[in-house]
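Engineer: I'm passing along coords.cif; it holds mmCIF, C-alpha atoms.
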data_model
#
loop_
_atom_site.label_atom_id
_atom_site.label_comp_id
_atom_site.auth_asym_id
_atom_site.auth_seq_id
_atom_site.Cartn_x
_atom_site.Cartn_y
_atom_site.Cartn_z
CA MET A 1 34.75 169.79 224.36
CA SER A 2 35.02 172.85 222.10
CA HIS A 3 31.85 174.14 220.51
CA SER A 4 33.82 175.63 217.62
CA LEU A 5 33.92 174.10 214.17
CA PRO A 6 37.31 173.55 212.52
CA ALA A 7 38.11 176.51 210.28
CA PRO A 8 37.72 174.63 206.94
CA ALA A 9 34.33 173.29 208.00
CA ALA A 10 33.19 176.71 209.19
CA ASP A 11 34.25 178.28 205.89
CA ALA A 12 32.40 175.64 203.90
CA LEU A 13 29.23 176.15 205.93
CA ARG A 14 29.40 179.93 205.54
CA SER A 15 29.31 179.53 201.77
CA GLN A 16 26.57 176.88 201.72
CA THR A 17 23.24 177.91 200.23
CA ILE A 18 19.90 176.11 200.07
CA GLU A 19 17.14 177.15 197.68
CA ILE A 20 13.58 177.12 198.95
CA PRO A 21 10.33 176.66 196.97
CA SER A 22 7.65 179.33 196.69
CA TRP A 23 4.94 176.66 196.81
CA ALA A 24 5.99 175.53 200.28
CA PHE A 25 4.37 178.65 201.70
CA GLY A 26 0.95 178.20 200.15
CA ASN A 27 -1.72 175.76 201.25
CA ALA A 28 -0.84 172.17 200.39
CA GLY A 29 -1.86 168.78 201.64
CA THR A 30 -3.27 165.44 200.63
CA ARG A 31 -6.20 164.32 198.51
CA PHE A 32 -8.17 164.15 201.77
CA LYS A 33 -7.70 167.63 203.18
CA VAL A 34 -5.76 170.84 202.73
CA PHE A 35 -5.57 172.76 206.00
CA THR A 36 -5.31 176.54 206.04
CA LEU A 37 -3.59 178.85 208.48
CA PRO A 38 -4.15 182.58 209.07
CA GLY A 39 -1.86 184.86 207.08
CA GLY A 40 -1.22 182.52 204.19
CA PRO A 41 0.28 184.23 201.12
CA ARG A 42 -2.15 185.22 198.40
CA ASP A 43 0.23 185.84 195.50
CA PRO A 44 3.88 185.34 194.47
CA TYR A 45 4.92 188.60 196.12
CA GLU A 46 3.69 187.41 199.51
CA LYS A 47 5.23 183.97 198.97
CA ILE A 48 8.61 185.61 198.41
CA ALA A 49 8.12 187.78 201.49
CA ASP A 50 7.59 184.62 203.55
CA ALA A 51 10.58 182.91 201.92
CA ALA A 52 12.75 185.90 202.78
CA GLN A 53 12.04 185.22 206.45
CA VAL A 54 13.78 181.86 206.13
CA HIS A 55 16.91 183.53 204.78
CA ARG A 56 16.73 186.31 207.37
CA TYR A 57 17.00 183.86 210.26
CA THR A 58 19.21 181.12 208.75
CA GLY A 59 21.47 183.18 206.50
CA ILE A 60 21.76 180.35 203.94
CA ALA A 61 18.51 180.45 201.92
CA PRO A 62 19.04 183.32 199.45
CA ARG A 63 17.15 181.87 196.47
CA VAL A 64 13.46 181.14 195.89
CA SER A 65 12.25 178.68 193.24
CA LEU A 66 9.22 179.72 191.22
CA HIS A 67 6.55 177.49 189.68
CA ILE A 68 4.84 178.51 186.46
CA PRO A 69 1.90 179.06 186.12
CA TRP A 70 1.40 179.10 189.91
CA ASP A 71 3.72 182.10 190.23
CA ARG A 72 2.76 183.86 187.00
CA VAL A 73 2.73 187.66 187.24
CA GLU A 74 2.44 190.47 184.70
CA ASP A 75 5.85 192.01 185.47
CA TYR A 76 8.66 189.56 186.29
CA ASP A 77 11.23 192.34 186.42
CA ASP A 78 9.20 193.86 189.23
CA LEU A 79 8.95 190.51 190.99
CA ALA A 80 12.74 190.11 190.81
CA ARG A 81 13.19 193.62 192.24
CA HIS A 82 10.75 192.76 195.02
CA ALA A 83 12.86 189.71 195.88
CA ALA A 84 16.08 191.74 195.85
CA ASP A 85 14.55 194.36 198.13
CA LEU A 86 13.87 191.55 200.61
CA GLY A 87 17.42 190.20 200.40
CA VAL A 88 16.76 187.15 198.20
CA ARG A 89 16.69 186.37 194.49
CA ILE A 90 14.84 184.11 192.10
CA GLY A 91 16.21 180.59 191.70
CA ALA A 92 15.07 177.78 189.42
CA ILE A 93 11.95 178.12 187.29
CA ASN A 94 9.76 175.01 187.48
CA SER A 95 7.43 174.07 184.65
CA ASN A 96 4.02 172.45 185.17
CA LEU A 97 2.89 169.53 183.00
CA PHE A 98 0.43 167.89 185.39
CA GLN A 99 -2.57 170.22 185.72
CA ASP A 100 -3.87 170.61 182.18
CA ASP A 101 -6.59 168.38 180.75
CA ASP A 102 -4.70 168.15 177.47
CA TYR A 103 -1.92 166.28 179.28
CA ARG A 104 -4.08 163.37 180.44
CA LEU A 105 -2.15 160.97 178.16
CA GLY A 106 1.12 162.83 178.20
CA SER A 107 2.70 166.19 177.50
CA LEU A 108 6.21 166.13 176.03
CA THR A 109 5.60 162.47 175.12
CA HIS A 110 2.03 162.77 173.82
CA ALA A 111 1.23 161.10 170.50
CA ASP A 112 -0.53 164.25 169.30
CA GLU A 113 2.02 166.71 167.91
CA ARG A 114 -0.29 169.62 168.77
CA ILE A 115 -0.22 168.78 172.46
CA ARG A 116 3.55 168.26 172.42
CA ALA A 117 3.91 171.69 170.82
CA LYS A 118 1.75 173.18 173.58
CA ALA A 119 3.98 171.61 176.26
CA ILE A 120 7.11 172.86 174.50
CA ALA A 121 5.65 176.36 174.24
CA HIS A 122 5.02 176.33 177.99
CA HIS A 123 8.74 175.76 178.52
CA LEU A 124 9.60 178.59 176.17
CA GLU A 125 7.44 180.80 178.40
CA CYS A 126 9.44 179.53 181.40
CA ILE A 127 12.68 180.45 179.63
CA ASP A 128 11.33 183.97 179.11
CA VAL A 129 10.62 184.09 182.86
CA MET A 130 14.20 183.01 183.46
CA ARG A 131 15.50 185.87 181.34
CA ALA A 132 13.34 188.40 183.16
CA THR A 133 14.25 187.19 186.66
CA GLY A 134 17.90 186.27 186.17
CA SER A 135 17.28 182.58 186.78
CA GLN A 136 19.76 180.13 185.31
CA ASP A 137 17.92 176.82 185.80
CA LEU A 138 14.87 175.44 184.04
CA LYS A 139 13.67 172.52 186.14
CA ILE A 140 11.50 169.90 184.47
CA TRP A 141 9.66 167.18 186.32
CA LEU A 142 7.89 165.05 183.73
CA PRO A 143 4.70 163.43 185.09
CA ASP A 144 4.11 161.53 181.82
CA GLY A 145 3.59 157.78 181.82
CA THR A 146 1.11 154.97 181.26
CA ASN A 147 -1.14 152.90 183.49
CA TYR A 148 -1.56 149.73 181.41
CA PRO A 149 0.60 147.44 179.28
CA GLY A 150 -0.02 148.16 175.63
CA GLN A 151 -1.50 151.60 176.33
CA ASP A 152 1.25 153.22 174.25
CA SER A 153 4.62 152.37 172.74
CA ILE A 154 7.37 152.72 175.33
CA ARG A 155 9.99 153.33 172.63
CA ALA A 156 7.89 155.83 170.69
CA ARG A 157 7.29 157.85 173.86
CA GLN A 158 11.03 158.01 174.47
CA ASP A 159 11.62 159.17 170.90
CA ARG A 160 8.99 161.89 171.24
CA LEU A 161 10.44 162.93 174.58
CA ALA A 162 13.94 163.21 173.14
CA ASP A 163 12.66 165.43 170.34
CA SER A 164 10.67 167.66 172.71
CA LEU A 165 13.60 168.09 175.10
CA ALA A 166 15.92 168.91 172.20
CA GLN A 167 13.63 171.76 171.12
CA ILE A 168 13.51 173.14 174.67
CA TYR A 169 17.26 172.82 175.17
CA ALA A 170 17.94 174.63 171.89
CA ALA A 171 15.94 177.62 173.15
CA LEU A 172 18.10 178.11 176.27
CA ASP A 173 20.58 180.97 176.48
CA ALA A 174 24.26 180.11 176.81
CA ASP A 175 24.25 180.74 180.57
CA GLN A 176 21.10 178.72 181.27
CA ARG A 177 20.75 175.06 182.23
CA LEU A 178 18.08 172.41 181.85
CA ILE A 179 17.83 170.22 184.94
CA LEU A 180 15.76 167.07 184.50
CA GLU A 181 14.01 165.30 187.36
CA TYR A 182 12.93 161.66 187.60
CA LYS A 183 10.36 159.72 189.62
CA PHE A 184 9.84 155.98 189.72
CA PHE A 185 6.04 156.07 189.99
CA GLU A 186 3.11 158.48 190.26
CA PRO A 187 0.96 159.85 188.78
CA TYR A 188 1.22 156.79 186.50
CA PHE A 189 1.88 153.26 187.64
CA TYR A 190 2.87 150.94 184.77
CA THR A 191 5.55 153.13 183.22
CA MET A 192 6.91 156.57 183.94
CA ASP A 193 8.66 158.14 180.98
CA ILE A 194 11.56 159.30 183.20
CA PRO A 195 11.43 156.76 186.04
CA ASP A 196 15.06 156.76 187.20
CA TRP A 197 18.40 158.53 187.18
CA GLY A 198 19.68 156.44 184.29
CA THR A 199 16.88 157.52 181.96
CA SER A 200 17.30 161.15 182.98
CA LEU A 201 21.07 160.91 182.48
CA LEU A 202 20.73 159.36 179.01
CA HIS A 203 18.51 162.20 177.87
CA CYS A 204 20.86 164.78 179.40
CA LEU A 205 23.91 163.26 177.72
CA ALA A 206 22.11 163.43 174.39
CA LEU A 207 21.15 167.08 174.91
CA GLY A 208 24.50 168.59 175.87
CA GLU A 209 26.70 169.67 178.75
CA ARG A 210 24.16 172.16 180.14
CA ALA A 211 21.61 169.40 180.74
CA LEU A 212 21.88 167.84 184.19
CA VAL A 213 19.97 165.49 186.47
CA VAL A 214 17.82 166.57 189.42
CA LEU A 215 17.68 164.08 192.29
CA ASP A 216 14.57 164.24 194.47
CA THR A 217 15.20 162.25 197.64
CA GLY A 218 11.54 161.12 197.74
CA HIS A 219 11.43 159.77 194.18
CA HIS A 220 12.96 156.33 194.67
CA ALA A 221 11.80 152.84 195.48
CA PRO A 222 12.13 151.78 199.14
CA ASN A 223 15.68 150.98 200.26
CA THR A 224 17.30 152.57 197.21
CA ASN A 225 20.88 153.55 197.95
CA ILE A 226 20.57 157.23 197.06
CA GLU A 227 24.15 158.11 197.99
CA PHE A 228 25.35 155.61 195.35
CA ILE A 229 23.34 157.52 192.74
CA VAL A 230 24.82 160.77 194.02
CA ALA A 231 28.33 159.40 193.67
CA GLN A 232 27.71 158.16 190.12
CA LEU A 233 26.20 161.43 188.92
CA LEU A 234 29.05 163.39 190.50
CA ARG A 235 31.57 161.16 188.71
CA GLN A 236 29.95 162.13 185.41
CA GLY A 237 29.63 165.80 186.31
CA ARG A 238 25.89 165.56 185.74
CA LEU A 239 24.34 166.20 189.14
CA GLY A 240 22.64 169.55 188.70
CA ALA A 241 20.44 169.81 191.75
CA PHE A 242 18.76 168.13 194.69
CA ASP A 243 15.15 168.35 195.73
CA PHE A 244 15.46 167.61 199.43
CA ASN A 245 12.51 166.17 201.32
CA SER A 246 11.75 163.10 203.39
CA ARG A 247 9.62 159.98 202.87
CA PHE A 248 8.29 157.08 204.85
CA TYR A 249 6.21 155.39 202.15
CA ALA A 250 6.06 157.18 198.80
CA ASP A 251 6.68 160.75 197.69
CA ASP A 252 5.68 162.06 201.10
CA ASP A 253 7.38 165.49 200.68
CA LEU A 254 7.96 165.78 204.42
CA MET A 255 10.65 167.92 206.01
CA VAL A 256 14.07 166.74 204.92
CA GLY A 257 15.76 164.54 207.50
CA ALA A 258 12.48 163.68 209.24
CA ALA A 259 12.36 160.02 208.23
CA ASP A 260 16.03 159.12 207.90
CA PRO A 261 18.56 161.73 209.06
CA PHE A 262 21.34 159.16 208.66
CA GLN A 263 20.56 158.91 204.96
CA LEU A 264 20.81 162.69 204.65
CA PHE A 265 24.22 162.54 206.34
CA ARG A 266 25.38 159.79 203.97
CA ILE A 267 24.31 161.85 200.98
CA MET A 268 26.11 164.93 202.25
CA HIS A 269 29.22 162.84 202.93
CA GLU A 270 29.39 161.97 199.22
CA ILE A 271 28.86 165.62 198.35
CA VAL A 272 31.66 166.76 200.63
CA GLN A 273 34.09 164.07 199.51
CA ALA A 274 33.53 165.00 195.85
CA GLY A 275 34.08 168.69 196.49
CA ALA A 276 30.52 169.36 195.35
CA LEU A 277 29.70 171.59 198.33
CA SER A 278 31.69 174.39 196.72
CA PRO A 279 29.50 177.20 195.32
CA ASP A 280 31.15 176.76 191.91
CA SER A 281 30.45 173.01 191.76
CA GLY A 282 27.26 173.47 189.74
CA VAL A 283 25.19 171.49 192.26
CA SER A 284 22.18 173.41 193.56
CA PHE A 285 20.71 172.34 196.89
CA MET A 286 16.94 172.85 196.92
CA LEU A 287 13.97 171.93 199.05
CA ASP A 288 10.76 170.50 197.59
CA GLN A 289 8.25 169.93 200.34
CA CYS A 290 4.59 170.47 201.12
CA HIS A 291 3.62 171.44 204.63
CA ASN A 292 0.11 170.35 205.48
CA ILE A 293 -0.14 170.36 209.27
CA GLU A 294 2.94 172.34 210.32
CA PRO A 295 3.50 176.12 210.07
CA LYS A 296 4.98 176.86 206.65
CA ILE A 297 7.83 179.25 207.40
CA GLN A 298 8.89 177.41 210.52
CA GLY A 299 8.85 174.13 208.57
CA GLN A 300 11.17 175.59 205.96
CA ILE A 301 13.53 176.96 208.60
CA ARG A 302 13.66 173.55 210.27
CA SER A 303 14.39 171.89 206.93
CA VAL A 304 17.21 174.29 206.11
CA LEU A 305 18.72 173.64 209.54
CA ASN A 306 18.44 169.88 209.03
CA VAL A 307 20.48 170.08 205.82
CA GLN A 308 22.99 172.36 207.50
CA GLU A 309 23.40 169.98 210.43
CA ALA A 310 23.91 166.97 208.15
CA THR A 311 26.46 168.96 206.17
CA ALA A 312 28.34 169.95 209.31
CA LYS A 313 28.57 166.32 210.38
CA ALA A 314 29.82 165.32 206.94
CA LEU A 315 32.50 168.00 207.18
CA LEU A 316 33.68 166.53 210.51
CA VAL A 317 34.49 163.09 209.09
CA ASP A 318 38.14 162.23 209.80
CA VAL A 319 39.03 161.67 206.15
CA ASP A 320 42.58 160.53 206.89
CA ALA A 321 41.39 157.87 209.33
CA LEU A 322 38.59 156.83 206.99
CA THR A 323 40.88 156.49 203.98
CA ALA A 324 43.53 154.61 205.93
CA ALA A 325 40.94 152.14 207.23
CA GLN A 326 39.46 151.67 203.77
CA ARG A 327 42.84 150.99 202.19
CA ALA A 328 43.78 148.58 204.96
CA GLY A 329 40.51 146.69 204.60
CA GLN A 330 39.51 147.55 208.16
CA VAL A 331 35.76 147.34 207.77
CA LEU A 332 34.67 148.27 211.27
CA GLU A 333 37.23 151.04 211.67
CA ALA A 334 36.10 152.63 208.40
CA ASN A 335 32.48 152.47 209.46
CA GLN A 336 33.38 153.91 212.85
CA ALA A 337 35.02 156.93 211.23
CA LEU A 338 31.68 157.79 209.67
CA MET A 339 29.66 156.99 212.78
CA ASP A 340 31.85 159.16 215.00
CA ALA A 341 31.06 162.18 212.81
CA TYR A 342 27.38 161.31 212.56
CA HIS A 343 26.96 161.05 216.32
CA THR A 344 28.60 164.44 216.92
CA ASP A 345 26.14 167.02 218.25
CA VAL A 346 26.87 169.90 215.87
CA ARG A 347 24.05 172.15 217.07
CA PRO A 348 26.18 174.13 219.58
CA MET A 349 28.84 174.57 216.89
CA LEU A 350 26.32 175.89 214.38
CA ALA A 351 24.83 178.20 217.01
CA GLU A 352 28.28 179.68 217.58
CA LEU A 353 28.81 180.01 213.82
CA ARG A 354 25.54 181.93 213.47
CA ALA A 355 26.45 184.23 216.33
CA ASP A 356 29.78 184.98 214.61
CA GLN A 357 27.80 185.92 211.48
CA GLY A 358 25.52 188.28 213.37
CA LEU A 359 22.57 185.87 213.28
CA ASP A 360 20.52 184.66 216.21
CA PRO A 361 21.95 181.33 217.39
CA ASP A 362 18.41 179.86 217.48
CA PRO A 363 16.69 180.75 214.18
CA ILE A 364 13.34 179.16 215.04
CA ALA A 365 13.05 180.89 218.41
CA ALA A 366 14.08 184.19 216.83
CA PHE A 367 11.49 183.87 214.09
CA LYS A 368 8.71 182.95 216.53
CA ALA A 369 9.63 185.93 218.69
CA SER A 370 9.61 188.34 215.72
CA GLY A 371 5.84 188.61 215.55
CA TYR A 372 5.86 188.10 211.78
CA VAL A 373 3.12 185.44 211.84
CA ASP A 374 0.72 187.70 213.74
CA GLN A 375 1.66 190.64 211.53
CA VAL A 376 0.80 188.91 208.25
CA ALA A 377 -2.33 187.32 209.74
CA GLN A 378 -3.64 190.83 210.38
CA ALA A 379 -2.42 192.29 207.09
CA ARG A 380 -3.49 189.52 204.70
CA VAL A 381 -7.22 189.85 205.03
CA GLY A 382 -9.37 189.27 201.97
CA GLY A 383 -8.54 187.54 198.73
CA ALA A 384 -7.73 183.86 198.26
CA GLN A 385 -4.78 182.16 199.83
CA ALA A 386 -2.33 180.58 197.42
CA GLY A 387 -2.23 176.82 197.17
CA TRP A 388 -2.02 174.06 194.62
CA GLY A 389 -2.85 175.63 191.30
CA ALA A 390 -2.17 179.20 192.44
#
Using the file provided, produce a representation of the structure as structure tokens.

Structural biologist:
Amino acid sequence: MSHSLPAPAADALRSQTIEIPSWAFGNAGTRFKVFTLPGGPRDPYEKIADAAQVHRYTGIAPRVSLHIPWDRVEDYDDLARHAADLGVRIGAINSNLFQDDDYRLGSLTHADERIRAKAIAHHLECIDVMRATGSQDLKIWLPDGTNYPGQDSIRARQDRLADSLAQIYAALDADQRLILEYKFFEPYFYTMDIPDWGTSLLHCLALGERALVVLDTGHHAPNTNIEFIVAQLLRQGRLGAFDFNSRFYADDDLMVGAADPFQLFRIMHEIVQAGALSPDSGVSFMLDQCHNIEPKIQGQIRSVLNVQEATAKALLVDVDALTAAQRAGQVLEANQALMDAYHTDVRPMLAELRADQGLDPDPIAAFKASGYVDQVAQARVGGAQAGWGA
């Protein structure tokens, strides 16, 4: 059997890009323990240096998401130049509404206009960061919600949220987008103010065409059919981005594809069939993960490869056979067309593709052999390692 990918699939994979998060390289963990490793980054510059290693060995991770205020610096132009010197660029700018005491009862939805104004001002700062770094996406995950029935008016919170988002959206430049994330529970448990894709979509439709939905694969109730949501948002032209990770129980933020690689394949099948893999589709593929026990850079490389492998399998689906079986009502034959692609071992094909691009066929082995981990462990002595809140 040939190890070569069909030319259209190879071309699609060459143009695929996956954005990686700066915070994945700092210390993260659970409420029980955050483990540290030698050589952890101490500031945004070192986070970007680590992120650049992922792109160096995979060739498909050219953008790095920033998180404000975790990645706040005095000179964002300089930070953007630093990224460019390392062969990457700044991606989405993420706001933070979950680590300020003022936001205990809400931020963009708070009953106190002063606190809402503070949360809005934070997003205006993020937009300034976007201008300085060349970022086009402002990503908002809203942690607001309530814990008890009667705690606050559900409808009033939605009205306040709509007003807050409208003020933020109006501040965007013409080439910038607002991408709005949802999560069905946590940190609040009775209501979340943006609990699902429908709520996010309604707010985006009210804002305008440059407001789109972010889908985090860990932000759904168990057994949710995520690929159905993907298909619906693609139909409306409102899928702005993914946050790829993996979950067993809740928002586990594990490496994408770890819990259910078949689900990842099904999602990528919908993406491919809708033509949304194209770089001009407007869909940004991102990772949002926290690595607690595994090496950070290696974990990100593995995650990028997992998305790439699922994409390759989706590109190998025999669309003609699938469509013919669907139209003929041949249930098992249609399912088999998907399963044949899913069971294909694409790793040798991707290794050959990397070799053709001048990359090492085995990115993880190449990174481990580079000596980078030992190098930064010796160089990054003193100071405080970055982590949650830094």

Engineer: In file coordinates, which residues lie within 6 Å of (4.3, 183.6, 195.1) using all atoms listed in the file, given as a PyMOL selection string?

Structural biologist: chain A and resi 22+43-48+71

Engineer: Just C-alpha atoms for this one: save the residues we selected as a PDB file, keeping the file's coordinate frame.

Structural biologist:
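Result went into again-v7.pdb, see below:
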ATOM      1  CA  SER A  22       7.650 179.330 196.690  1.00  0.00           C
ATOM      2  CA  ASP A  43       0.230 185.840 195.500  1.00  0.00           C
ATOM      3  CA  PRO A  44       3.880 185.340 194.470  1.00  0.00           C
ATOM      4  CA  TYR A  45       4.920 188.600 196.120  1.00  0.00           C
ATOM      5  CA  GLU A  46       3.690 187.410 199.510  1.00  0.00           C
ATOM      6  CA  LYS A  47       5.230 183.970 198.970  1.00  0.00           C
ATOM      7  CA  ILE A  48       8.610 185.610 198.410  1.00  0.00           C
ATOM      8  CA  ASP A  71       3.720 182.100 190.230  1.00  0.00           C
TER       9      ASP A  71
END

Engineer: Show which residues sit within 12 Å of A:Gly237, as a VMD selection string. Count only C-alpha atoms, and ignore same-chain residues fewer than 3 positions away.

Structural biologist: chain A and resid 201 204 to 205 208 to 213 230 to 234 240 to 241 274 to 276 281 to 283

Engineer: Tell me which of A:Asp345, A:Glu186, A:Glu352, A:Asp253 sits closest to A:Phe98, counting all atoms listed in the file.

Structural biologist: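 Closest candidate: A:Glu186.
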
Engineer: Mind running stretch 169-209 of chain A against stretch 109-132 of chain A at 8 Å and telling me each contacting residue's nearest atom pair with the distance in Å (one decimal), counting all atoms listed in the file, chain and number ascending, as JSON lines?

Structural biologist:
{"residue": "A:Ala171", "atom": "CA", "partner": "A:Leu124", "partner_atom": "CA", "distance": 7.1}
{"residue": "A:Leu172", "atom": "CA", "partner": "A:Ile127", "partner_atom": "CA", "distance": 6.8}
{"residue": "A:Asp193", "atom": "CA", "partner": "A:Thr109", "partner_atom": "CA", "distance": 7.9}

Engineer: Any chance you can output those residues with C-alpha atoms as a PDB file, in the coordinates of the input?

Structural biologist:
ATOM      1  CA  ALA A 171      15.940 177.620 173.150  1.00  0.00           C
ATOM      2  CA  LEU A 172      18.100 178.110 176.270  1.00  0.00           C
ATOM      3  CA  ASP A 193       8.660 158.140 180.980  1.00  0.00           C
TER       4      ASP A 193
END

Engineer: Which is closest to A:Leu142 among A:Arg327, A:Lys183, A:Arg14, A:Lys313, if we use only C-alpha atoms?

Structural biologist: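 For A:Leu142, the nearest of the candidates is A:Lys183.
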
Engineer: Find the distance between atom CA of A:Asp360 and atom CA of A:Arg266 and write it in Å to one decimal.

Structural biologist: 28.1 Å

Engineer: Applying the PyMOL selection byres ((chain A and resi 317) around 7) to the file I just gave you, which residues come out? Please list them as an NGL selection string.

Structural biologist: :A and (313-316 or 318-319 or 337-338 or 341)

Engineer: Go through the shown structure with the PyMOL selection byres ((chain A and resi 159) around 12) and write out the matching residues as a list in words.

Structural biologist: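 For this structure, the PyMOL selection byres ((chain A and resi 159) around 12) captures Leu108, Thr109, His110, Ala111, Ser153, Ile154, Arg155, Ala156, Arg157, Gln158, Arg160, Leu161, Ala162, Asp163, Ser164, Leu165, Ala166, Asp193, His203 and Ala206 of chain A.
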
Engineer: With distances taken over all atoms listed in the file, which residue among A:Leu202, A:Ala12, A:Val381, A:Ala310 lies nearest A:Leu353?

Structural biologist: A:Ala12

Engineer: In Å, with one decimal, what is the gap from atom CA of A:Ala28 to atom CA of A:Cys290?

Structural biologist: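 Atom-to-atom, atom CA of A:Ala28 to atom CA of A:Cys290, that is 5.7 Å.
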
Engineer: Quick one: pull the distance between atom CA of A:Leu97 and atom CA of A:Pro195, Å, one decimal.

Structural biologist: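 Rounded to one decimal, the two atoms are 15.7 Å apart.
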
Engineer: Considering only C-alpha atoms, state which residue in the set A:Ile20, A:Asn225, A:Asp340, A:Val376 is at the smallest distance from A:Val256.

Structural biologist: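 For A:Val256, the nearest of the given residues is A:Ile20.
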
Engineer: Smallest atom-to-atom distance to A:Phe367: which of A:Ser95, A:Ser15, A:Thr58, A:Thr191, using only C-alpha atoms?

Structural biologist: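 Of the candidates, the smallest distance to A:Phe367 is held by A:Thr58.
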
Engineer: Looking at A:Gln99, A:Ala324, A:Thr30, A:Ser107, which one is nearest to A:Asp251, with distances taken over only C-alpha atoms?

Structural biologist: A:Thr30

Engineer: Counting only C-alpha atoms, write as a short mmCIF file (atom, residue, chain, number, x, y, z; two decimals) with C-alpha atoms, keeping the file's coordinate frame all protein and nucleic acid residues lying at most 12 Å from (-8.2, 171.5, 202.1) in the file's frame.

Structural biologist:
data_model
loop_
_atom_site.label_atom_id
_atom_site.label_comp_id
_atom_site.auth_asym_id
_atom_site.auth_seq_id
_atom_site.Cartn_x
_atom_site.Cartn_y
_atom_site.Cartn_z
CA GLY A 26 0.95 178.20 200.15
CA ASN A 27 -1.72 175.76 201.25
CA ALA A 28 -0.84 172.17 200.39
CA GLY A 29 -1.86 168.78 201.64
CA THR A 30 -3.27 165.44 200.63
CA ARG A 31 -6.20 164.32 198.51
CA PHE A 32 -8.17 164.15 201.77
CA LYS A 33 -7.70 167.63 203.18
CA VAL A 34 -5.76 170.84 202.73
CA PHE A 35 -5.57 172.76 206.00
CA THR A 36 -5.31 176.54 206.04
CA LEU A 37 -3.59 178.85 208.48
CA ASN A 292 0.11 170.35 205.48
CA ILE A 293 -0.14 170.36 209.27
CA GLN A 385 -4.78 182.16 199.83
CA ALA A 386 -2.33 180.58 197.42
CA GLY A 387 -2.23 176.82 197.17
CA TRP A 388 -2.02 174.06 194.62
#

Engineer: Could you rebuild stretch 242-255 of chain A with N, CA and C atoms and give it back as a PDB file, keeping the file's coordinate frame?

Structural biologist:
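out-v6.pdb was written with the following content:
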ATOM      1  N   PHE A 242      19.550 168.993 193.803  1.00  0.00           N
ATOM      2  CA  PHE A 242      18.760 168.130 194.690  1.00  0.00           C
ATOM      3  C   PHE A 242      17.396 168.762 194.906  1.00  0.00           C
ATOM      4  N   ASP A 243      16.391 167.944 195.085  1.00  0.00           N
ATOM      5  CA  ASP A 243      15.150 168.350 195.730  1.00  0.00           C
ATOM      6  C   ASP A 243      15.106 167.580 197.040  1.00  0.00           C
ATOM      7  N   PHE A 244      15.401 168.268 198.124  1.00  0.00           N
ATOM      8  CA  PHE A 244      15.460 167.610 199.430  1.00  0.00           C
ATOM      9  C   PHE A 244      14.070 167.559 200.065  1.00  0.00           C
ATOM     10  N   ASN A 245      13.702 166.381 200.505  1.00  0.00           N
ATOM     11  CA  ASN A 245      12.510 166.170 201.320  1.00  0.00           C
ATOM     12  C   ASN A 245      12.692 164.844 202.043  1.00  0.00           C
ATOM     13  N   SER A 246      11.645 164.347 202.637  1.00  0.00           N
ATOM     14  CA  SER A 246      11.750 163.100 203.390  1.00  0.00           C
ATOM     15  C   SER A 246      10.528 162.243 203.126  1.00  0.00           C
ATOM     16  N   ARG A 247      10.721 160.907 203.169  1.00  0.00           N
ATOM     17  CA  ARG A 247       9.620 159.980 202.870  1.00  0.00           C
ATOM     18  C   ARG A 247       9.641 158.788 203.812  1.00  0.00           C
ATOM     19  N   PHE A 248       8.460 158.346 204.155  1.00  0.00           N
ATOM     20  CA  PHE A 248       8.290 157.080 204.850  1.00  0.00           C
ATOM     21  C   PHE A 248       7.777 156.004 203.898  1.00  0.00           C
ATOM     22  N   TYR A 249       6.874 156.381 202.993  1.00  0.00           N
ATOM     23  CA  TYR A 249       6.210 155.390 202.150  1.00  0.00           C
ATOM     24  C   TYR A 249       6.357 155.672 200.652  1.00  0.00           C
ATOM     25  N   ALA A 250       5.991 156.868 200.224  1.00  0.00           N
ATOM     26  CA  ALA A 250       6.060 157.180 198.800  1.00  0.00           C
ATOM     27  C   ALA A 250       6.705 158.554 198.661  1.00  0.00           C
ATOM     28  N   ASP A 251       6.132 159.407 197.842  1.00  0.00           N
ATOM     29  CA  ASP A 251       6.680 160.750 197.690  1.00  0.00           C
ATOM     30  C   ASP A 251       6.027 161.647 198.735  1.00  0.00           C
ATOM     31  N   ASP A 252       6.389 161.433 199.996  1.00  0.00           N
ATOM     32  CA  ASP A 252       5.680 162.060 201.100  1.00  0.00           C
ATOM     33  C   ASP A 252       5.906 163.576 201.178  1.00  0.00           C
ATOM     34  N   ASP A 253       7.051 164.052 200.669  1.00  0.00           N
ATOM     35  CA  ASP A 253       7.380 165.490 200.680  1.00  0.00           C
ATOM     36  C   ASP A 253       7.387 166.074 202.093  1.00  0.00           C
ATOM     37  N   LEU A 254       7.832 165.286 203.047  1.00  0.00           N
ATOM     38  CA  LEU A 254       7.960 165.780 204.420  1.00  0.00           C
ATOM     39  C   LEU A 254       9.271 166.543 204.590  1.00  0.00           C
ATOM     40  N   MET A 255       9.429 167.169 205.737  1.00  0.00           N
ATOM     41  CA  MET A 255      10.650 167.920 206.010  1.00  0.00           C
ATOM     42  C   MET A 255      11.870 167.027 205.851  1.00  0.00           C
TER      43      MET A 255
END
